[in-house]
Amino acid sequence: MNKKLDLEKLNREFENKTPQEIIVWAVKEFSPEIATTSSFGTTSAVLLHMAAQAKPDIRVLFLETGFHFPETLKFRDELAARLKLNVVNLKSVLLREEFKSTYGNLYEKNPDKCCFLNKVEPLKIALTGLKAWITAVRRGQTENRKNVQFVEEYEDGLYKINPLATWTSGHMWDYLKTHNLPHHPLFEEGYTSIGCAPCTHAIRSGEDERAGRWSGSEKTECGIHTFMKKKQNSK
Ligand code: SF4
C-alpha cells in the first residue's frame, strides 16, 4: 500500500532519472494495480518495451474502437507476440453493429461523442480499481501537453505516470534503433501519429507530429488524457 506521495519532490528527482528508472519505481510502488495504455502507433514500441521489461505481465490497455487501420491491428498483434505483451482490448459498451445502427458515422457528426463512447468510457471502466496508469505522453507533442509532469495525481486517487515526459521524437527513434524495435508501418506514408483511420491523415513536411489527427478541426485530443480532474497539488 503506497503512502501519500510528495509529488513536488518526486517530479524534481525524476527530471534526472531515465524513463526506465521511473517505470521501475512505479511498478514497485503500485503493483499489481498498475497498467499502461498503448495506441500501437508510430513509436509505441518504446514504452511497451520498457514497461514489459519492468513488469512482463503488465496489462497493456488498447482501445479497440473498431475504426483502426488494419495495419495498426496487425502491428499490435506482431508487437504483442514479439514482446510477449499482456494486451487487453477495450471495446465500447455498445456492440459494434448496435453502435453503427444507432449513430452511423458519428466521427463525422460528433467526433467528441464518438471518442467518448469508443475511448473514454471503456478506459474509465478499465481504470477503475487501478492505482497507476503509465502513459506515453510527451511534453513536446502538443501545446496541451507542454506542462505534463512525470507523476500526476487525479481526484479519484489514480496516479498517472508519464515517464517519457521530457523525451523528444529523436529520443524515441534512437531508442527504437538501439533496441532493434519496429515502428508502425504507415510511418513511411507520412503518418507520424496514428489513431483511428477516419480521423488520421498523413502530415505535410514541417507540420507537428500530431497535425494529422482530426486535421481541419479544432479537436486535438480524444479525451482520454483530459477527462480526469487533477488534484490541486498536482501541477
Ligand atoms: S478518433 Fe475518430 S473514429 Fe476514433 S473514436 Fe474518436 S472520433 Fe471516433
# chains A, B, ... in the order shown; residues from 1 in each chain; ligands from 1

$ residues_around --residues "Gln141 (chain A)" --least-positions-apart "2" --cutoff "10 Å" --atoms "only C-alpha atoms" --output "ChimeraX atom specification"
/A:137-139,143-146,165,167-169,193,208-211

$ residues_near_ligand --ligand "ligand 1" --cutoff "10 Å" --atoms "only C-alpha atoms and all ligand atoms" --output "PyMOL selection string"
chain A and resi 63-68+92+105-120+194-200+213-214+219+221-223

$ write_last_selection --atoms "C-alpha atoms" --output "tab-separated table (two decimals), in the first residue's frame"
chain	number	residue	atom	x	y	z
A	63	LEU	CA	-8.80	0.94	-27.20
A	64	GLU	CA	-10.30	-1.28	-29.85
A	65	THR	CA	-12.59	1.38	-31.33
A	66	GLY	CA	-13.48	-0.58	-34.43
A	67	PHE	CA	-12.07	2.22	-36.61
A	68	HIS	CA	-8.37	1.34	-36.65
A	92	SER	CA	-17.29	0.35	-26.34
A	105	ASN	CA	-20.64	7.72	-38.95
A	106	LEU	CA	-20.54	9.50	-35.61
A	107	TYR	CA	-16.90	10.52	-36.15
A	108	GLU	CA	-18.13	12.90	-38.88
A	109	LYS	CA	-21.10	14.35	-37.00
A	110	ASN	CA	-19.80	14.45	-33.44
A	111	PRO	CA	-16.21	13.24	-33.00
A	112	ASP	CA	-16.13	14.16	-29.30
A	113	LYS	CA	-19.07	11.87	-28.62
A	114	CYS	CA	-17.57	9.17	-30.83
A	115	CYS	CA	-14.30	9.39	-28.85
A	116	PHE	CA	-16.21	9.38	-25.58
A	117	LEU	CA	-18.16	6.22	-26.41
A	118	ASN	CA	-15.26	4.35	-28.02
A	119	LYS	CA	-12.30	5.54	-25.98
A	120	VAL	CA	-13.04	7.49	-22.81
A	194	ILE	CA	-1.69	7.26	-35.76
A	195	GLY	CA	-5.18	6.89	-34.34
A	196	CYS	CA	-8.47	5.78	-35.90
A	197	ALA	CA	-8.43	5.67	-39.70
A	198	PRO	CA	-11.28	8.15	-40.36
A	199	CYS	CA	-9.61	10.77	-38.13
A	200	THR	CA	-5.96	10.37	-39.11
A	213	ARG	CA	-5.10	13.86	-36.06
A	214	TRP	CA	-8.59	15.35	-36.64
A	219	LYS	CA	-10.03	18.88	-31.91
A	221	GLU	CA	-7.21	15.25	-28.07
A	222	CYS	CA	-9.52	12.25	-28.00
A	223	GLY	CA	-10.28	12.89	-24.34

$ residues_around --residues "Arg82 (chain A)" --least-positions-apart "4" --cutoff "10 Å" --atoms "only C-alpha atoms" --output "ChimeraX atom specification"
/A:49,76-78,181

$ write_last_selection --atoms "C-alpha atoms" --output "mmCIF file, in the first residue's frame"
data_model
loop_
_atom_site.group_PDB
_atom_site.id
_atom_site.type_symbol
_atom_site.label_atom_id
_atom_site.label_comp_id
_atom_site.auth_asym_id
_atom_site.auth_seq_id
_atom_site.Cartn_x
_atom_site.Cartn_y
_atom_site.Cartn_z
ATOM 1 C CA HIS A 49 9.438 -2.456 -24.406
ATOM 2 C CA ARG A 76 -0.451 -4.718 -32.386
ATOM 3 C CA ASP A 77 -0.534 -8.474 -32.870
ATOM 4 C CA GLU A 78 3.045 -8.694 -34.125
ATOM 5 C CA LEU A 181 12.324 -2.387 -32.346
#

$ closest_residue --among "A:Ala132, A:Thr142, A:Phe40, A:Thr102" --to "Asn89 (chain A)" --atoms "only C-alpha atoms"
A:Phe40

$ select_by_dssp --residues "region 39-127 of chain A" --states "strand (DSSP E)" --output "list in words"
Arg59, Val60, Leu61, Phe62, Leu63, Asn86, Val87, Val88, Asn89 and Leu90 of chain A

$ atom_distance --atom1 "CA of Tyr175 (chain A)" --atom2 "CA of Phe150 (chain A)"
18.9 Å

$ closest_residue --among "A:Lys91, A:Lys74, A:Arg59, A:His225" --to "Leu130 (chain A)" --atoms "only C-alpha atoms"
A:Arg59

$ residues_around --residues "region 203-207 of chain A" --least-positions-apart "3" --cutoff "7 Å" --atoms "only C-alpha atoms" --output "list in words"
Gly190, Tyr191, Ala211 and Gly212 of chain A
